[in-house]
Amino acid sequence: MLLAVWLLGAAGCFFSRGEGPVPDDLMRCRQLSLRGVRAMEKGDATEAEALLKQAVDAYPVDPDARRHYAVVLAKAGKPKEALGQVDQALKLAPDDPSLHLVKCGYELELGELDLALVSAQTAVDLDPNLGDAWATRA
């Protein structure tokens with residue numbers, strides 16, 4: 001998984017979809033995100049949270065950095081803050097069904113059942129083939 005995260009981050013840095021070079025702050029964000037994910041995988045929650053916060057601060061419009069930061073916040077017992085990061089990520093990537101599922105999970109954790117159902121249904125609507133969305137919705 002770590003290799004996949006690194007490859008995706010590296011690919012984004014080298015392939016800019018014809019828009020020119022990747023901005024330095026985006027590259028810094030991806031590097032910090034990668035380091036944060038590594039720290040999370042090693043079980044160093046404090047380091048992971050600090051690195052992923054830096055990543056979000058470096059490039060606030062990266063939905064992936066916000067998603068990773070949300071995971072760390074949730075694991076640290078901060079579901080409201082995690083939900084806030086997912087909401088910000090969804091403003092940047094509203095058509096990402098997996099983000100809607102992540103949001104659903106945090107809403108369930110907070111006891112917001114009606115909101116969780118809406119998030120799960122949105123994920124199903126965006127990708128009817130996403131089995132996890134159907135299972136969560138049920």
# chains A, B, ... in the order shown; residues from 1 in each chain; ligands from 1
$ select_by_dssp --residues "chain A" --states "alpha helix (DSSP H)" --output "ChimeraX atom specification"
/A:2-14,24-41,45-58,63-75,79-92,97-109,113-126,131-137
$ residues_around --residues "Val118 (chain A)" --least-positions-apart "5" --cutoff "9 Å" --atoms "only C-alpha atoms" --output "CSV table (one decimal) with N, CA and C atoms, in the first residue's frame"
chain,number,residue,atom,x,y,z
A,104,CYS,N,-19.8,9.4,5.6
A,104,CYS,CA,-20.8,8.5,6.2
A,104,CYS,C,-20.3,7.9,7.5
A,113,LEU,N,-27.4,9.7,12.1
A,113,LEU,CA,-27.9,8.6,11.2
A,113,LEU,C,-28.6,9.2,9.9
A,123,ALA,N,-23.1,8.3,-2.3
A,123,ALA,CA,-22.0,7.4,-2.8
A,123,ALA,C,-22.6,6.4,-3.8
A,137,ARG,N,-25.1,1.7,3.1
A,137,ARG,CA,-26.5,2.3,3.0
A,137,ARG,C,-27.5,1.4,3.7
$ closest_residue --among "A:Leu32, A:Val22, A:Val72, A:Met27" --to "Glu49 (chain A)" --atoms "only C-alpha atoms"
A:Val72
$ closest_residue --among "A:Ala74, A:Ala133, A:Leu115, A:Val61" --to "Ala89 (chain A)" --atoms "only C-alpha atoms"
A:Val61
$ closest_residue --among "A:Glu112, A:Asp95, A:Asp64, A:Glu81" --to "Val124 (chain A)" --atoms "only C-alpha atoms"
A:Asp95
$ residues_around --residues "Val102 (chain A)" --least-positions-apart "6" --cutoff "9 Å" --atoms "only C-alpha atoms" --output "VMD selection string"
chain A and resid 67 71 83 86 119
$ atom_distance --atom1 "CA of Leu26 (chain A)" --atom2 "CA of Gln88 (chain A)"
16.7 Å
$ atom_distance --atom1 "CA of Asp25 (chain A)" --atom2 "CA of Ala65 (chain A)"
12.4 Å
